[in-house]
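**Q** This is the structure I want to talk about, given as structure tokens.
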Amino acid sequence: MKPSDNATVTRIFVPAMDCPEEEREVRTALSRLPGVVSLDFRLFSRQVEVRHRGDVDPILTALRQIGLEGHPVDEALRAADLPEASRAPLTTFLLAGAALFLGAALRVLLPGEPLARLPFLAAILFGGAPVALRGAKEARNRSLGMNALMTISIGGSALMGEWAEAAVVVTLFALANHLEARSLDRARRATLDLFAGSPERAVVRVGGPAGEERTVSAEEVQPGDILIVRPGERVPVDAAVYRGASDLNEALLTGESAPVEKKEGDPLYAGTVNGRGLLIATASHSLSDSTYARILRRVEEAQAQKAPVQTFMERFAAVYTPAVLGAAVLVAALPPLLWHGSLFAWTYRALVLLVIACPCAIVLAAPVVTLSALTRATRDGILVKGARHLEALGKVRAVAFDKTGTLTYGRLRFAGVRAAAGVGEDEVLRLAAAVEAGSAHPAAEAIRREAARRGVVTAARGTLARTFASIDGQGVSAEVDGVRVYVGNLRLFEGMAGAREGLEGLVPAGGPETSASVAIVGTDLGVAGAIDLTDEVRAEAAETVRALRRLGVRHISLLTGDREEAARTAAAAAGIDAVSCGLLPEDKLAEVRRLVDVHGSVAMVGDGVNDAPALAQATVGVAMAAAGSPAAMETADVALLAGDLRKIPSAIVLGRRMVALVRQNVAASLAIKAGFLGLAVAGYATLWMAVLADMGTTLLVIFNGLRLLRDRARLQ
């Protein structure tokens with residue numbers, strides 16, 4: 001429990017809350033309590049989060065009164081540790097089934113014997129009593145649902161003397177409840193697999209890197225603790241490598257199975273699995289603040305949110321049930337009043353109508369699909385903050401990309417070197433790397449990497465540090481071999497009289513067309529050479545753009561604050577024609593707003609921090625969130641945990657398939673029910689046939705939704 005605005009938040013586990021019907025009952029019962037402020041349902045973990053004032057006992061009492069026992073659970077409890085659901089549906093089915101079998105056997109062995117009917121009555125009582133109890137509580141709670149409809153049907157059939165058929169109905173209904181619970185558990189297990197990597201233990205070294213090792217629970221680890229992660233073990237909390245090197249499987253977070261090499265200083269993430277090497281690491285976060293924990297919280301929050309299509313179906317079901325009950329009353333009463341048949345015959349048809357019209361399949365048409373889609377997305381490294389965002393992705397008709405860190409890797413790469421007459425390329429690199437040894441600029445890192453690759457020896461860093469100077473907006477300088485060397489842009493050298501002539505041959509007017517930037521190297525006496533640097537376009541960028549066009553995305557654009565030649569170079573490499581460059585954050589916001597006005601549904605892909613206004617304005621904001629980037633995950637609607645652009649087309653396909661499967665489920669449910677309703681009114685359907693049809697429809701929509709968990713190839 002935790003206080004919030006003078007209210008308390010309590011999570012309550014309700015074992016019997018299996019489908020939206022029970023969720024509706026709980027919502028109706030608890031929302032009437034004076035101390036309840038808000039309700040947040042996590043149906044597939046059978047939890048309701050209640051924000052309330054006062055004690056929790058009235059809430060638990062209200063649940064007991066509607067036949068849905070509940071008990072509080074620790075907010076930090078892992079989903080895999082939740083208590084199992086009730087086995088009551090299976091027990092009810094076995095008892096009712098045994099009595100039904102005995103009754104059928106006695107009917108064959110003792111035909112015409114009145115006592116032979118008693119087992120059928122026992123089956124009705126075994127299977128019907130729990131249904132009648134729940135149905136009565138639904139009626140008292142003014143929340144008519146499946147149990148109330150079935151109670152009327154079974155009770156009416158028994159009063160009409162159709163004990164054998166009523167026994168068949170209750171037995172089939174108990175079987176349907178059991179199969180439905182087992183089918184929904186498949187969806188739950190798929191979600192629980194996401195939680196299975198939660199670390200349980202950690203090996204901590206007490207007294208520094210050379211101290212004594214101690215095994216503790218992962219929850220006890222604090223930032224700054226020294227961790228020992230042996231080959232094959234899970235990383236207990238977010239950390240940084242202090243000593244050692246290894247390869248780690250980060251598929252749990254990113255969906256990518258390829259191991260990631262880690263060395264000293266690299267980040268480690270809770271839940272990932274160490275490969276071949278021994279690692280000594282320094283904890284950077286506690287388990288509750290780890291990247292893994294944040295992702296799990298986002299998964300739970302996403303499952304609590306509902307897509308528009310799901311919300312619509314629940315509103316439809318709320319009207320549908322009382323409408324069906326009214327129609328059944330008319331079917332039972334109107335024809336006999338008009339002298340078109342007996343009251344007995346039309347009452348029986350009305351009871352059949354009530355059974356076939358049970359709304360369970362309709363209300364399950366959407367949530368099973370959305371749960372499967374969200375679980376599937378998370379498995380693939382796509383963190384979606386709710387089914388409504390996934391649904392919106394499926395409708396996207398325009399995509400706008402940021403450049404640096406999104407379409408590109410966000411790090412400068414050496415592209416080439418041009419040396420002046422009489423100067424070698426390695427000498428240009430040596431001078432530049434020597435000066436840049438004192439700089440943390442991305443250009444300096446790229447130059448140093450290339451110098452190291454070529455084995456170019458530079459001056460000692462300590463000597464350079466004493467002479468290093470930064471020239472605002474133009475470059476840097478330092479003494480190398482007793483000579484002041486400069487590394488900077490064109491403006492820096494244009495101001496040096498002795499360097500102007502050498503610039504014309506090395507840097508044409510307007511600058512290089514193929515580079516994001518150029519670093520000129522020289523002294524007061526002349527230019528030694530120029531180094532071309534580029535921001536490398538992601539390898540998958542062009543493939544992603546082609547895939548988006550195949551999916552029917554009409555407009556793809558690049559929005560960047562970079563200069564024109566760099567923007568157009570990156571756009572051309574990715575296959576993007578529309579380029580807007582030199583944009584400030586407010587300019588990007590205005591451009592996204594214009595795209596929304598023109599195309600209706602727009603996805604903005606950015607780094608989640610600098611592009612926050614544009615991400616918020618877009619229909620769907622997509623953040624390139626390398627694991628451990630909390631700002632990106634907080635800003636956007638969707639976060640690509642592996643930073644792989646190819647996940648965007650996959651997410652669009654998944655969103656479209658989610659909506660398509662919901663529509664299939666709804667269409668199949670309504671078509672089957674409409675057909676059997678016609679048969680019921682015409683007198684061609686029996687009660688047991690109605691139960692089979694209702695059960696079959698419910699299982700159909702569940703298994704159709706579960707297809708998203710396994711149909712991987714079609715999402716690529």
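By order of appearance in the structure tokens: chains A, B, ..., then residues from 1 within every chain, and ligands from 1 in the order shown.
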Would you kindly return, as a list in words, each protein, DNA or RNA residue with an atom no farther than 7 Å from any atom of range 655-671 of chain A, considering only C-alpha atoms and excluding same-chain residues fewer than 3 positions away?

**A**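 Within the cut-off, the hits are Ala361, Ile362, Ala365, Ala366, Val369, Thr370, Ala373, Leu390, Glu391, Leu393, Gly394, Ala651, Ile652, Ala674, Gly675, Thr697, Val701 and Gly705 of chain A.
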
**Q** Produce a file of the selected residues containing N, CA, C and O atoms, as a compact mmCIF listing (two decimals), in the first residue's frame.

**A**
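File written: out36.txt
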# COMPACT_ATOMS: atom_id res chain seq x y z
N ALA A 361 -18.73 -14.64 -25.23
CA ALA A 361 -17.89 -14.64 -26.43
C ALA A 361 -17.70 -13.23 -26.96
O ALA A 361 -16.63 -12.86 -27.45
N ILE A 362 -18.76 -12.41 -26.85
CA ILE A 362 -18.68 -11.05 -27.38
C ILE A 362 -17.72 -10.20 -26.54
O ILE A 362 -16.88 -9.48 -27.08
N ALA A 365 -14.15 -11.10 -27.14
CA ALA A 365 -13.68 -10.96 -28.52
C ALA A 365 -12.44 -10.08 -28.61
O ALA A 365 -11.54 -10.34 -29.41
N ALA A 366 -12.37 -9.02 -27.80
CA ALA A 366 -11.26 -8.07 -27.88
C ALA A 366 -10.14 -8.32 -26.87
O ALA A 366 -8.97 -8.30 -27.25
N VAL A 369 -7.36 -10.89 -27.63
CA VAL A 369 -6.54 -10.47 -28.77
C VAL A 369 -5.55 -9.38 -28.33
O VAL A 369 -4.36 -9.42 -28.67
N THR A 370 -6.05 -8.37 -27.60
CA THR A 370 -5.17 -7.27 -27.21
C THR A 370 -4.08 -7.74 -26.25
O THR A 370 -2.93 -7.31 -26.35
N ALA A 373 -1.51 -9.52 -28.34
CA ALA A 373 -0.74 -8.57 -29.15
C ALA A 373 0.29 -7.84 -28.30
O ALA A 373 1.45 -7.68 -28.72
N LEU A 390 -1.26 0.62 -30.00
CA LEU A 390 -1.00 -0.40 -31.02
C LEU A 390 -2.07 -0.33 -32.11
O LEU A 390 -1.77 -0.47 -33.30
N GLU A 391 -3.31 -0.10 -31.71
CA GLU A 391 -4.38 0.07 -32.69
C GLU A 391 -4.12 1.30 -33.55
O GLU A 391 -4.32 1.27 -34.78
N LEU A 393 -1.21 2.60 -34.27
CA LEU A 393 -0.10 2.30 -35.17
C LEU A 393 -0.58 1.62 -36.44
O LEU A 393 -0.06 1.88 -37.53
N GLY A 394 -1.54 0.74 -36.30
CA GLY A 394 -2.06 0.05 -37.47
C GLY A 394 -2.73 0.97 -38.47
O GLY A 394 -2.90 0.61 -39.63
N ALA A 651 5.52 -3.56 -35.86
CA ALA A 651 4.50 -3.07 -34.93
C ALA A 651 3.26 -2.63 -35.67
O ALA A 651 2.13 -2.83 -35.20
N ILE A 652 3.42 -2.02 -36.84
CA ILE A 652 2.26 -1.61 -37.65
C ILE A 652 1.47 -2.83 -38.08
O ILE A 652 0.23 -2.86 -37.99
N ALA A 674 -26.54 -15.11 -34.11
CA ALA A 674 -27.73 -14.74 -34.90
C ALA A 674 -28.35 -15.97 -35.55
O ALA A 674 -29.59 -16.13 -35.56
N GLY A 675 -27.49 -16.88 -36.08
CA GLY A 675 -28.01 -18.10 -36.69
C GLY A 675 -28.76 -18.96 -35.70
O GLY A 675 -29.87 -19.44 -35.98
N THR A 697 -18.37 -20.95 -29.56
CA THR A 697 -18.07 -19.58 -29.98
C THR A 697 -17.06 -18.94 -29.05
O THR A 697 -16.12 -18.26 -29.50
N VAL A 701 -13.20 -17.61 -30.22
CA VAL A 701 -12.61 -16.26 -30.13
C VAL A 701 -11.33 -16.27 -29.29
O VAL A 701 -10.39 -15.51 -29.57
N GLY A 705 -7.60 -15.38 -30.91
CA GLY A 705 -6.76 -14.33 -30.34
C GLY A 705 -5.37 -14.82 -30.00
O GLY A 705 -4.38 -14.10 -30.16

**Q** Please provide as number ranges by chain all residues within 12 Å of Ala174 in chain A, with the sequence filter that same-chain residues fewer than 5 positions apart are discarded (counting only C-alpha atoms).

**A** A: 87-97, 123-124, 126-131, 147, 150, 167-169, 179-181, 691-692, 695

**Q** Considering only alpha helix (DSSP H) as DSSP defines it on the backbone, what residues of range 223-427 of chain A qualify? List them as a PDB file with C-alpha atoms, in the first residue's frame.

**A**
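Wrote it out as part26.pdb, contents follow:
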ATOM      1  CA  ALA A 251      16.735 -11.007 -25.531  1.00  0.00           C
ATOM      2  CA  LEU A 252      14.622 -10.610 -22.403  1.00  0.00           C
ATOM      3  CA  LEU A 253      14.718  -6.825 -22.866  1.00  0.00           C
ATOM      4  CA  THR A 254      15.280  -6.288 -26.578  1.00  0.00           C
ATOM      5  CA  THR A 291      15.211  -1.310 -16.559  1.00  0.00           C
ATOM      6  CA  TYR A 292      13.624  -4.747 -16.247  1.00  0.00           C
ATOM      7  CA  ALA A 293      11.270  -3.594 -13.472  1.00  0.00           C
ATOM      8  CA  ARG A 294      10.294  -0.498 -15.453  1.00  0.00           C
ATOM      9  CA  ILE A 295       9.437  -2.645 -18.460  1.00  0.00           C
ATOM     10  CA  LEU A 296       7.308  -5.000 -16.373  1.00  0.00           C
ATOM     11  CA  ARG A 297       5.449  -2.026 -14.886  1.00  0.00           C
ATOM     12  CA  ARG A 298       4.808  -0.719 -18.398  1.00  0.00           C
ATOM     13  CA  VAL A 299       3.543  -4.164 -19.478  1.00  0.00           C
ATOM     14  CA  GLU A 300       1.083  -4.256 -16.575  1.00  0.00           C
ATOM     15  CA  GLU A 301      -0.065  -0.702 -17.254  1.00  0.00           C
ATOM     16  CA  ALA A 302      -0.476  -1.465 -20.960  1.00  0.00           C
ATOM     17  CA  GLN A 303      -2.648  -4.500 -20.220  1.00  0.00           C
ATOM     18  CA  ALA A 304      -4.845  -2.374 -17.953  1.00  0.00           C
ATOM     19  CA  PRO A 308     -11.092   1.789 -28.531  1.00  0.00           C
ATOM     20  CA  VAL A 309     -12.477  -1.316 -30.233  1.00  0.00           C
ATOM     21  CA  GLN A 310     -12.428  -3.169 -26.878  1.00  0.00           C
ATOM     22  CA  THR A 311     -14.173  -0.324 -25.057  1.00  0.00           C
ATOM     23  CA  PHE A 312     -16.854  -0.245 -27.743  1.00  0.00           C
ATOM     24  CA  MET A 313     -17.509  -3.984 -27.435  1.00  0.00           C
ATOM     25  CA  GLU A 314     -17.907  -3.710 -23.654  1.00  0.00           C
ATOM     26  CA  ARG A 315     -20.428  -0.883 -24.053  1.00  0.00           C
ATOM     27  CA  PHE A 316     -22.244  -2.988 -26.633  1.00  0.00           C
ATOM     28  CA  ALA A 317     -22.350  -6.007 -24.294  1.00  0.00           C
ATOM     29  CA  ALA A 318     -23.761  -3.868 -21.464  1.00  0.00           C
ATOM     30  CA  VAL A 319     -26.777  -2.999 -23.649  1.00  0.00           C
ATOM     31  CA  TYR A 320     -26.914  -6.401 -25.320  1.00  0.00           C
ATOM     32  CA  THR A 321     -27.641  -8.497 -22.199  1.00  0.00           C
ATOM     33  CA  PRO A 322     -30.772  -6.676 -20.960  1.00  0.00           C
ATOM     34  CA  ALA A 323     -31.970  -6.422 -24.577  1.00  0.00           C
ATOM     35  CA  VAL A 324     -31.715 -10.203 -24.940  1.00  0.00           C
ATOM     36  CA  LEU A 325     -33.586 -10.731 -21.675  1.00  0.00           C
ATOM     37  CA  GLY A 326     -36.375  -8.454 -22.879  1.00  0.00           C
ATOM     38  CA  ALA A 327     -36.505 -10.271 -26.225  1.00  0.00           C
ATOM     39  CA  ALA A 328     -36.774 -13.616 -24.424  1.00  0.00           C
ATOM     40  CA  VAL A 329     -39.739 -12.365 -22.405  1.00  0.00           C
ATOM     41  CA  LEU A 330     -41.455 -11.275 -25.620  1.00  0.00           C
ATOM     42  CA  VAL A 331     -40.732 -14.626 -27.300  1.00  0.00           C
ATOM     43  CA  ALA A 332     -42.213 -16.494 -24.325  1.00  0.00           C
ATOM     44  CA  ALA A 333     -45.316 -14.311 -23.895  1.00  0.00           C
ATOM     45  CA  LEU A 334     -46.306 -12.688 -27.180  1.00  0.00           C
ATOM     46  CA  PRO A 335     -47.029 -15.714 -29.462  1.00  0.00           C
ATOM     47  CA  PRO A 336     -49.227 -17.501 -26.887  1.00  0.00           C
ATOM     48  CA  LEU A 337     -51.163 -14.264 -26.336  1.00  0.00           C
ATOM     49  CA  LEU A 343     -46.986 -21.272 -23.611  1.00  0.00           C
ATOM     50  CA  PHE A 344     -44.804 -24.322 -22.868  1.00  0.00           C
ATOM     51  CA  ALA A 345     -43.315 -24.448 -26.366  1.00  0.00           C
ATOM     52  CA  TRP A 346     -42.565 -20.723 -26.585  1.00  0.00           C
ATOM     53  CA  THR A 347     -41.157 -20.606 -23.042  1.00  0.00           C
ATOM     54  CA  TYR A 348     -38.746 -23.381 -23.988  1.00  0.00           C
ATOM     55  CA  ARG A 349     -37.694 -21.440 -27.094  1.00  0.00           C
ATOM     56  CA  ALA A 350     -37.140 -18.349 -24.950  1.00  0.00           C
ATOM     57  CA  LEU A 351     -34.904 -20.335 -22.604  1.00  0.00           C
ATOM     58  CA  VAL A 352     -32.856 -21.553 -25.574  1.00  0.00           C
ATOM     59  CA  LEU A 353     -32.592 -17.961 -26.755  1.00  0.00           C
ATOM     60  CA  LEU A 354     -31.218 -16.877 -23.366  1.00  0.00           C
ATOM     61  CA  VAL A 355     -28.507 -19.550 -23.449  1.00  0.00           C
ATOM     62  CA  ILE A 356     -27.295 -18.863 -26.975  1.00  0.00           C
ATOM     63  CA  CYS A 360     -19.224 -14.079 -22.899  1.00  0.00           C
ATOM     64  CA  ALA A 361     -17.888 -14.638 -26.435  1.00  0.00           C
ATOM     65  CA  ILE A 362     -18.679 -11.045 -27.376  1.00  0.00           C
ATOM     66  CA  VAL A 363     -16.957  -9.471 -24.374  1.00  0.00           C
ATOM     67  CA  LEU A 364     -13.947 -11.798 -24.815  1.00  0.00           C
ATOM     68  CA  PRO A 367      -9.334  -8.554 -24.583  1.00  0.00           C
ATOM     69  CA  VAL A 368      -7.757 -11.914 -25.470  1.00  0.00           C
ATOM     70  CA  VAL A 369      -6.536 -10.467 -28.768  1.00  0.00           C
ATOM     71  CA  THR A 370      -5.168  -7.265 -27.207  1.00  0.00           C
ATOM     72  CA  LEU A 371      -3.405  -9.187 -24.429  1.00  0.00           C
ATOM     73  CA  SER A 372      -1.796 -11.519 -26.975  1.00  0.00           C
ATOM     74  CA  ALA A 373      -0.740  -8.575 -29.151  1.00  0.00           C
ATOM     75  CA  LEU A 374       0.832  -6.654 -26.245  1.00  0.00           C
ATOM     76  CA  THR A 375       2.610  -9.772 -24.986  1.00  0.00           C
ATOM     77  CA  ARG A 376       3.875 -10.507 -28.487  1.00  0.00           C
ATOM     78  CA  ALA A 377       5.115  -6.945 -28.938  1.00  0.00           C
ATOM     79  CA  THR A 378       7.032  -7.035 -25.647  1.00  0.00           C
ATOM     80  CA  ARG A 379       8.609 -10.377 -26.562  1.00  0.00           C
ATOM     81  CA  ALA A 387      -3.538  -1.469 -26.840  1.00  0.00           C
ATOM     82  CA  ARG A 388      -4.956   1.851 -28.056  1.00  0.00           C
ATOM     83  CA  HIS A 389      -1.466   2.902 -29.199  1.00  0.00           C
ATOM     84  CA  LEU A 390      -1.005  -0.396 -31.021  1.00  0.00           C
ATOM     85  CA  GLU A 391      -4.383   0.069 -32.687  1.00  0.00           C
ATOM     86  CA  ALA A 392      -3.371   3.612 -33.689  1.00  0.00           C
ATOM     87  CA  LEU A 393      -0.100   2.301 -35.166  1.00  0.00           C
ATOM     88  CA  GLY A 394      -2.060   0.047 -37.469  1.00  0.00           C
ATOM     89  CA  GLU A 425      47.445  10.932 -44.482  1.00  0.00           C
ATOM     90  CA  ASP A 426      48.811   9.274 -41.333  1.00  0.00           C
ATOM     91  CA  GLU A 427      50.576  12.503 -40.372  1.00  0.00           C
TER      92      GLU A 427
END

**Q** Here is a test: counting only C-alpha atoms, which residue of A:Gly422, A:Gly381, A:Pro236, A:Gly529 is nearest to Ala218 in chain A?

**A** A:Pro236

**Q** Ranking A:Ser284, A:Thr544, A:Gln222, A:Asn6 by minimum distance to Leu645 in chain A and counting only C-alpha atoms, which one comes first?

**A** A:Thr544

**Q** So that I can see what lies close to range 582-597 of chain A, please list as a list in words the residues with an atom at most 7 Å from it, counting only C-alpha atoms and leaving out residues fewer than 4 positions away in the same chain.

**A** Leu559, Thr560, Gly561, Asp562, Arg563, Ser601, Val602, Asp611, Pro613, Ala614, Gln617 and Ala618 of chain A

**Q** When you count only C-alpha atoms, which of these residues is closest to Thr28 in chain A: A:Arg46, A:Arg11, A:His599, A:Lys137?

**A**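 Among the listed residues, the smallest separation from Thr28 in chain A belongs to A:Lys137.
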
**Q** Considering only C-alpha atoms, can you say which of A:Ala571, A:Glu564, A:Leu412, A:Gly424 comes closest to Arg448 in chain A?

**A**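 Closest candidate: A:Leu412.
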
**Q** When you look at Ile520 in chain A with a cut-off of 10 Å (counting only C-alpha atoms), what residues show up, excluding the ones that are within fewer than 3 positions of it in the same chain? I need them as a list of chain:residue names.

**A**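 These residues fall inside the cut-off: A:Val417, A:Arg418, A:Ala419, A:Val428, A:Ala432, A:Gly475, A:Tyr486, A:Val487, A:Gly488, A:Asn489, A:Leu490, A:Leu492, A:Phe493, A:Leu503, A:Leu506, A:Val507, A:Ser517, A:Val527, A:Ala528, A:Gly529, A:Ala530, A:Ile531, A:Asp532.
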
**Q** For the selection you just gave me, I'd like the residues written to a file as a PDB file, in the first residue's frame, keeping N, CA and C atoms.

**A**
ATOM      1  N   VAL A 417      40.304  10.997 -45.342  1.00  0.00           N
ATOM      2  CA  VAL A 417      41.243  12.073 -45.024  1.00  0.00           C
ATOM      3  C   VAL A 417      41.863  12.574 -46.332  1.00  0.00           C
ATOM      4  N   ARG A 418      42.005  13.895 -46.447  1.00  0.00           N
ATOM      5  CA  ARG A 418      42.630  14.530 -47.612  1.00  0.00           C
ATOM      6  C   ARG A 418      43.834  15.322 -47.126  1.00  0.00           C
ATOM      7  N   ALA A 419      44.991  14.939 -47.574  1.00  0.00           N
ATOM      8  CA  ALA A 419      46.228  15.577 -47.106  1.00  0.00           C
ATOM      9  C   ALA A 419      46.707  16.621 -48.110  1.00  0.00           C
ATOM     10  N   VAL A 428      48.477  13.613 -40.943  1.00  0.00           N
ATOM     11  CA  VAL A 428      47.297  14.436 -40.659  1.00  0.00           C
ATOM     12  C   VAL A 428      46.518  13.833 -39.490  1.00  0.00           C
ATOM     13  N   ALA A 432      45.899  15.459 -35.711  1.00  0.00           N
ATOM     14  CA  ALA A 432      44.524  15.655 -35.246  1.00  0.00           C
ATOM     15  C   ALA A 432      44.251  14.863 -33.975  1.00  0.00           C
ATOM     16  N   GLY A 475      36.799  25.340 -32.895  1.00  0.00           N
ATOM     17  CA  GLY A 475      37.633  24.150 -32.826  1.00  0.00           C
ATOM     18  C   GLY A 475      38.464  24.113 -31.572  1.00  0.00           C
ATOM     19  N   TYR A 486      46.072  23.218 -34.859  1.00  0.00           N
ATOM     20  CA  TYR A 486      44.654  23.533 -34.742  1.00  0.00           C
ATOM     21  C   TYR A 486      43.830  22.457 -35.462  1.00  0.00           C
ATOM     22  N   VAL A 487      42.685  22.119 -34.872  1.00  0.00           N
ATOM     23  CA  VAL A 487      41.704  21.231 -35.511  1.00  0.00           C
ATOM     24  C   VAL A 487      40.348  21.904 -35.368  1.00  0.00           C
ATOM     25  N   GLY A 488      39.736  22.263 -36.496  1.00  0.00           N
ATOM     26  CA  GLY A 488      38.468  22.975 -36.394  1.00  0.00           C
ATOM     27  C   GLY A 488      37.747  23.107 -37.711  1.00  0.00           C
ATOM     28  N   ASN A 489      36.806  24.055 -37.749  1.00  0.00           N
ATOM     29  CA  ASN A 489      35.987  24.231 -38.946  1.00  0.00           C
ATOM     30  C   ASN A 489      36.588  25.276 -39.878  1.00  0.00           C
ATOM     31  N   LEU A 490      35.881  25.551 -40.950  1.00  0.00           N
ATOM     32  CA  LEU A 490      36.376  26.460 -41.977  1.00  0.00           C
ATOM     33  C   LEU A 490      36.600  27.861 -41.430  1.00  0.00           C
ATOM     34  N   LEU A 492      37.600  28.845 -38.550  1.00  0.00           N
ATOM     35  CA  LEU A 492      38.836  28.937 -37.781  1.00  0.00           C
ATOM     36  C   LEU A 492      40.025  29.243 -38.686  1.00  0.00           C
ATOM     37  N   PHE A 493      40.115  28.564 -39.824  1.00  0.00           N
ATOM     38  CA  PHE A 493      41.293  28.714 -40.682  1.00  0.00           C
ATOM     39  C   PHE A 493      41.159  29.881 -41.651  1.00  0.00           C
ATOM     40  N   LEU A 503      43.392  26.075 -48.156  1.00  0.00           N
ATOM     41  CA  LEU A 503      41.990  25.673 -47.979  1.00  0.00           C
ATOM     42  C   LEU A 503      41.306  25.400 -49.307  1.00  0.00           C
ATOM     43  N   LEU A 506      41.682  21.844 -50.598  1.00  0.00           N
ATOM     44  CA  LEU A 506      41.198  20.773 -49.724  1.00  0.00           C
ATOM     45  C   LEU A 506      39.707  20.844 -49.434  1.00  0.00           C
ATOM     46  N   VAL A 507      39.181  22.058 -49.315  1.00  0.00           N
ATOM     47  CA  VAL A 507      37.771  22.235 -48.961  1.00  0.00           C
ATOM     48  C   VAL A 507      37.113  23.100 -50.020  1.00  0.00           C
ATOM     49  N   SER A 517      30.309  16.396 -41.550  1.00  0.00           N
ATOM     50  CA  SER A 517      31.180  17.460 -41.072  1.00  0.00           C
ATOM     51  C   SER A 517      32.594  17.209 -41.565  1.00  0.00           C
ATOM     52  N   VAL A 527      47.697  24.717 -43.907  1.00  0.00           N
ATOM     53  CA  VAL A 527      46.770  23.607 -43.672  1.00  0.00           C
ATOM     54  C   VAL A 527      47.469  22.290 -43.996  1.00  0.00           C
ATOM     55  N   ALA A 528      47.368  21.341 -43.082  1.00  0.00           N
ATOM     56  CA  ALA A 528      47.978  20.028 -43.298  1.00  0.00           C
ATOM     57  C   ALA A 528      47.026  19.067 -44.012  1.00  0.00           C
ATOM     58  N   GLY A 529      45.736  19.205 -43.752  1.00  0.00           N
ATOM     59  CA  GLY A 529      44.776  18.312 -44.393  1.00  0.00           C
ATOM     60  C   GLY A 529      43.384  18.483 -43.803  1.00  0.00           C
ATOM     61  N   ALA A 530      42.470  17.676 -44.283  1.00  0.00           N
ATOM     62  CA  ALA A 530      41.082  17.719 -43.819  1.00  0.00           C
ATOM     63  C   ALA A 530      40.588  16.297 -43.608  1.00  0.00           C
ATOM     64  N   ILE A 531      39.836  16.099 -42.546  1.00  0.00           N
ATOM     65  CA  ILE A 531      39.283  14.780 -42.215  1.00  0.00           C
ATOM     66  C   ILE A 531      37.768  14.848 -42.347  1.00  0.00           C
ATOM     67  N   ASP A 532      37.214  13.979 -43.184  1.00  0.00           N
ATOM     68  CA  ASP A 532      35.766  13.919 -43.378  1.00  0.00           C
ATOM     69  C   ASP A 532      35.154  12.964 -42.356  1.00  0.00           C
TER      70      ASP A 532
END

**Q** Identify which of the residues A:Ile382, A:Ile556, A:Val399, A:Val622 lies closest to Lys647 in chain A, counting only C-alpha atoms when measuring atom-to-atom distances.

**A** A:Ile382

**Q** Run DSSP on the backbone and give me the residues of range 300-472 of chain A it puts in strand (DSSP E), as a list in words.

**A**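 DSSP on the backbone gives strand (DSSP E) at Ile382, Leu383, Val384, Ala398, Val399, Ala400, Phe401, Asp402, Thr408, Tyr409, Gly410, Arg411, Leu412, Arg413, Phe414, Ala415, Gly416, Val417, Arg418, Ala419, Ala469, Ser470 and Ile471 of chain A.
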
**Q** Tell me, in Å to one decimal, how far CA of Leu268 in chain A is from CA of Val204 in chain A.

**A**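 Computing it gives 15.3 Å between the two atoms.
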
**Q** Pick out the residues sitting within 10 Å of Leu551 in chain A, and hand them over as a list in words; count only C-alpha atoms, and ignore anything fewer than 6 positions along from it in its own chain.

**A**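 Contacts, with the query itself left out: Gly394, Val396, Arg397, Val545, Pro649, Ile652 and Val653 of chain A.
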
**Q** Skipping near chain neighbours, those fewer than 2 positions away, what residues fall within 10 Å of range 29-37 of chain A using only C-alpha atoms, listed as a list in words?

**A**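 The neighbour list is Ala7, Thr8, Val9, Glu23, Arg24, Glu25, Val26, Arg27, Leu39, Val50, Arg51, His52, Arg53, Gly54, Asp55, Val56, Pro58, Ile59, Leu60, Thr61, Ala62, Leu63, Gln65, Ile66, Glu138, Asn141, Arg142 and Ser143 of chain A.
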
**Q** In Å, how far is it from CA of Asp225 in chain A to CA of Gly275 in chain A?

**A**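 CA of Gly275 in chain A lies at a distance of 21.5 Å from CA of Asp225 in chain A.
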
**Q** Hey, what's within 10 Å of range 539-541 of chain A if we count only C-alpha atoms and toss same-chain stuff fewer than 4 positions away? As a list in words, please?

**A**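 So the residues in contact are Thr406, Leu407, Thr408, Tyr409, Val545, Arg546, Ala547, Ala570, Ala571, Ala573, Ala574, Gly575, Ile576, Asp644, Leu645 and Arg646 of chain A.
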
**Q** Can you measure CA of Phe120 in chain A to CA of Met17 in chain A for me? One decimal in Å is fine.

**A**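 Atom-to-atom, CA of Phe120 in chain A to CA of Met17 in chain A, that is 29.2 Å.
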
**Q** Measuring atom to atom with only C-alpha atoms, identify which of A:Gly156, A:Gly271, A:Gly495, A:Gly224 is nearest to Arg201 in chain A.

**A**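 Ranking A:Gly156, A:Gly271, A:Gly495, A:Gly224 by distance to Arg201 in chain A, first place goes to A:Gly271.
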